[in-house]
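*Asks:* This is work14.tsv (TSV, C-alpha atoms).
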chain	number	residue	atom	x	y	z
P	1	MET	CA	162.68	53.49	123.82
P	2	SER	CA	159.81	51.94	121.87
P	3	ASP	CA	158.38	55.44	121.20
P	4	ASP	CA	161.69	56.48	119.64
P	5	VAL	CA	161.71	53.40	117.42
P	6	ASP	CA	158.09	53.95	116.42
P	7	SER	CA	158.73	57.59	115.52
P	8	GLU	CA	161.75	56.64	113.40
P	9	THR	CA	160.00	53.86	111.50
P	10	ARG	CA	156.65	55.61	111.21
P	11	SER	CA	156.15	57.76	108.14
P	12	ARG	CA	155.45	61.44	108.63
P	13	THR	CA	153.16	61.51	105.60
P	14	PRO	CA	149.45	60.88	105.99
P	15	SER	CA	148.12	57.44	105.21
P	16	ILE	CA	145.00	58.74	103.47
P	17	SER	CA	145.15	59.85	99.86
P	18	SER	CA	142.57	62.53	99.17
P	19	ARG	CA	142.72	62.97	95.45
P	20	GLN	CA	138.96	63.28	95.29
P	21	PHE	CA	138.90	66.85	96.59
P	22	ILE	CA	139.78	69.23	93.78
P	23	ILE	CA	139.99	73.01	93.84
P	24	PRO	CA	139.17	74.43	90.41
P	25	GLU	CA	141.88	76.55	88.78
P	26	ASP	CA	139.85	79.77	88.86
P	27	GLU	CA	139.45	79.47	92.68
P	28	LEU	CA	143.17	78.71	93.00
P	29	VAL	CA	144.06	81.87	91.11
P	30	THR	CA	141.65	83.86	93.31
P	31	LEU	CA	143.19	82.43	96.47
P	32	ASP	CA	146.70	83.13	95.21
P	33	SER	CA	145.93	86.75	94.31
P	34	GLU	CA	144.13	87.42	97.60
P	35	ASN	CA	146.78	85.93	99.88
P	36	SER	CA	150.01	87.47	98.65
P	37	SER	CA	151.65	89.43	95.89
P	38	LEU	CA	155.27	89.98	95.01
P	39	ASP	CA	156.78	93.47	94.87
P	40	SER	CA	159.67	94.44	92.67
P	41	GLY	CA	162.31	93.34	95.24
P	42	GLY	CA	161.02	89.79	95.27
P	43	GLU	CA	159.75	90.04	98.82
P	44	GLU	CA	156.26	88.95	99.72
P	45	VAL	CA	153.82	91.73	100.60
P	46	SER	CA	150.81	90.68	102.62
P	47	SER	CA	147.42	92.02	101.67
P	48	GLY	CA	145.38	90.43	104.52
P	49	GLY	CA	145.41	91.76	108.10
P	50	SER	CA	145.16	88.35	109.73
P	51	GLU	CA	148.04	87.03	107.64
P	52	ALA	CA	150.18	89.99	108.69
P	53	CYS	CA	149.49	89.20	112.34
P	54	SER	CA	150.44	85.57	111.94
P	55	ALA	CA	153.57	86.46	109.96
P	56	ALA	CA	154.61	88.84	112.73
P	57	SER	CA	154.24	86.09	115.30
P	58	GLY	CA	156.44	83.75	113.27
P	59	GLU	CA	153.71	81.43	112.04
P	60	ALA	CA	152.74	81.13	108.42
P	61	PRO	CA	149.08	80.25	107.87
P	62	VAL	CA	148.48	77.05	105.99
P	63	PHE	CA	146.36	78.71	103.30
P	64	SER	CA	149.18	81.12	102.44
P	65	GLN	CA	151.23	78.13	101.34
P	66	LEU	CA	148.77	77.24	98.57
P	67	GLY	CA	150.16	79.63	95.99
P	68	GLN	CA	153.79	79.59	97.12
P	69	HIS	CA	154.47	75.86	97.30
P	70	PRO	CA	152.22	74.03	94.90
P	71	SER	CA	154.16	70.78	95.36
P	72	THR	CA	153.29	70.75	99.07
P	73	PHE	CA	149.55	70.56	98.65
P	74	PHE	CA	149.06	69.51	95.06
P	75	THR	CA	150.09	66.13	93.71
P	76	GLY	CA	150.69	65.05	90.16
P	77	SER	CA	150.87	67.10	86.97
P	78	GLN	CA	147.23	66.92	85.99
P	79	VAL	CA	145.34	69.70	84.34
P	80	ALA	CA	143.21	70.36	87.40
P	81	PRO	CA	145.40	70.59	90.53
P	82	ILE	CA	144.30	68.31	93.36
P	83	PHE	CA	144.11	69.56	96.94
P	84	ASP	CA	145.54	67.02	99.40
P	85	THR	CA	143.27	67.40	102.44
P	86	SER	CA	144.97	64.75	104.50
P	87	LEU	CA	148.29	66.58	104.23
P	88	TYR	CA	146.53	69.86	105.03
P	89	LEU	CA	144.91	68.33	108.13
P	90	PHE	CA	148.19	66.72	109.18
P	91	GLU	CA	150.07	70.04	108.93
P	92	SER	CA	147.25	71.90	110.70
P	93	LEU	CA	147.33	69.44	113.57
P	94	THR	CA	151.12	69.61	113.71
P	95	GLN	CA	150.98	73.41	113.94
P	96	SER	CA	148.30	73.32	116.61
P	97	LEU	CA	150.15	70.72	118.68
P	98	ASP	CA	153.36	72.73	118.53
P	99	SER	CA	151.69	75.93	119.70
P	100	VAL	CA	152.28	77.61	123.03
P	101	ASP	CA	148.58	77.34	123.90
P	102	PHE	CA	148.78	73.56	123.85
P	103	SER	CA	151.76	73.53	126.19
P	104	GLU	CA	150.05	75.98	128.54
P	105	ALA	CA	146.90	73.87	128.53
P	106	LEU	CA	148.95	70.75	129.18
P	107	SER	CA	150.78	72.50	132.02
P	108	LEU	CA	147.49	73.66	133.54
P	109	GLN	CA	146.03	70.18	133.19
P	110	THR	CA	149.09	68.69	134.90
P	111	LYS	CA	148.86	71.17	137.79
P	112	THR	CA	145.14	70.53	138.15
P	113	SER	CA	145.69	66.78	138.11
P	114	ALA	CA	148.39	67.08	140.77
P	115	THR	CA	146.11	69.22	142.95
P	116	ILE	CA	143.25	66.74	142.57
P	117	ASN	CA	145.54	63.83	143.41
P	118	SER	CA	146.91	65.53	146.53
P	119	LYS	CA	143.43	66.49	147.73
P	120	SER	CA	142.24	62.95	147.05
P	121	ARG	CA	145.07	61.56	149.18
P	122	GLU	CA	144.30	64.03	151.97
P	123	LEU	CA	140.65	63.03	151.82
P	124	GLN	CA	141.54	59.34	151.99
P	125	LEU	CA	143.74	60.00	155.05
P	126	LEU	CA	140.96	61.96	156.74
P	127	VAL	CA	138.44	59.21	155.98
P	128	GLY	CA	140.84	56.66	157.49
P	129	GLU	CA	141.31	58.76	160.63
P	130	VAL	CA	137.55	59.24	161.02
P	131	GLN	CA	136.96	55.50	160.61
P	132	VAL	CA	139.54	54.76	163.34
P	133	GLN	CA	137.91	57.31	165.66
P	134	LEU	CA	134.47	55.86	164.88
P	135	ARG	CA	135.65	52.36	165.81
P	136	GLN	CA	137.12	53.70	169.07
P	137	LEU	CA	133.88	55.52	169.89
P	138	GLN	CA	131.81	52.44	169.08
P	139	THR	CA	134.00	50.35	171.39
P	140	ALA	CA	133.73	52.97	174.17
P	141	PHE	CA	129.95	53.15	173.70
P	142	GLU	CA	129.58	49.37	173.91
P	143	GLN	CA	131.75	49.28	177.06
P	144	GLY	CA	129.69	52.11	178.57
P	145	GLN	CA	126.50	50.26	177.71
P	146	HIS	CA	127.74	47.12	179.48
P	147	THR	CA	128.83	49.22	182.48
P	148	ALA	CA	125.42	50.90	182.65
P	149	GLN	CA	123.66	47.52	182.59
P	150	ARG	CA	125.94	46.27	185.40
P	151	VAL	CA	125.28	49.40	187.50
P	152	ARG	CA	121.51	49.09	186.92
P	153	HIS	CA	121.61	45.43	187.98
P	154	ASN	CA	123.69	46.28	191.07
P	155	LEU	CA	121.27	49.09	192.02
P	156	ARG	CA	118.32	46.68	191.78
P	157	ASP	CA	120.14	44.18	193.99
P	158	ILE	CA	121.06	46.87	196.55
P	159	THR	CA	117.49	48.22	196.55
P	160	ARG	CA	116.13	44.71	197.20
P	161	GLY	CA	118.67	44.25	200.02
P	162	VAL	CA	117.74	47.58	201.63
P	163	GLU	CA	114.01	46.74	201.45
P	164	SER	CA	114.59	43.33	203.06
P	165	LEU	CA	116.69	44.99	205.83
P	166	LYS	CA	113.91	47.55	206.44
P	167	GLN	CA	111.38	44.79	206.87
P	168	THR	CA	113.72	42.79	209.12
P	169	PHE	CA	114.47	45.84	211.36
P	170	ALA	CA	110.79	46.80	211.43
P	171	ARG	CA	109.87	43.32	212.73
P	172	SER	CA	112.81	42.80	215.05
P	173	PHE	CA	113.22	46.33	216.48
P	174	PRO	CA	109.94	48.19	215.90
P	175	ILE	CA	110.51	51.02	218.44
P	176	GLU	CA	114.03	51.90	217.27
P	177	TYR	CA	112.94	51.57	213.65
P	178	HIS	CA	110.08	54.07	214.05
P	179	GLN	CA	112.33	56.53	215.96
P	180	ALA	CA	114.88	56.32	213.11
P	181	LEU	CA	112.12	56.96	210.55
P	182	GLU	CA	110.94	60.06	212.47
P	183	ARG	CA	114.50	61.45	212.56
P	184	ALA	CA	114.86	60.80	208.82
P	185	TYR	CA	111.60	62.65	208.09
P	186	GLU	CA	112.70	65.59	210.29
P	187	ARG	CA	116.00	65.87	208.39
P	188	ARG	CA	114.14	65.94	205.10
P	189	ALA	CA	111.79	68.65	206.36
P	190	GLU	CA	114.63	70.98	207.37
Can you present the structure in this file as structure tokens?
*Replies:*
Amino acid sequence: MSDDVDSETRSRTPSISSRQFIIPEDELVTLDSENSSLDSGGEEVSSGGSEACSAASGEAPVFSQLGQHPSTFFTGSQVAPIFDTSLYLFESLTQSLDSVDFSEALSLQTKTSATINSKSRELQLLVGEVQVQLRQLQTAFEQGQHTAQRVRHNLRDITRGVESLKQTFARSFPIEYHQALERAYERRAE
């Protein structure tokens, strides 16, 4: 809404007055004679190839308007006509902003922005998933580390118990103990 109000209250004329830039009359006559000439029917005949191309596409170049509409670009009724550059720049920008190229570029930029946004979201989701998996793996690793320490401690305790039993059996039952050792060595040899 505020854009509509601004466009209605805002002036379409440029805010800069450029009366300092003057085109001498002899250059104006040269520009006028080069750009167009009138035939007997009153229709405009183009003498420049680039102007013919732009006229065929429906656009009139800004320089072709110099001779046809002196009130558009020249202000006042002075002896030397004054070229209003701010109006020229304003109209040039208006023509360029209204062109098809600008809308295509804007469309391409919008599509590119949408693609970048979607890929960015996908990347953020993947990063989140990887972080969750990393936390799970860290937890599993820590649990495995604790389990390994417990198993190592249990193995040490069992080894100490077995050694103490060996010594006890060797002292209490020396004959049976040595017979059992010989059988164990024979099994290993086979």
*Asks:* Between atom CA of P:Val162 and atom CA of P:Ala180, what is the distance, to one decimal in Å?
*Replies:* 14.7 Å
*Asks:* Please give the centre and size of the box around stretch 126-136 of chain P (axis-aligned, containing every atom listed in the file, 5 Å added per side), with values in Å to one decimal and written as JSON.
*Replies:*
{"center_x": 137.9, "center_y": 57.2, "center_z": 162.5, "size_x": 16.8, "size_y": 19.6, "size_z": 23.1}
*Asks:* One number please: atom CA of P:Gly144 to atom CA of P:Gly128, in Å, one decimal.
*Replies:*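 It comes out at 24.3 Å.
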*Asks:* I'd like the interatomic distance between atom CA of P:Gln138 and atom CA of P:Arg121, to a tenth of an Å.
*Replies:*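 Taking atom CA of P:Gln138 and atom CA of P:Arg121, their separation equals 25.6 Å.
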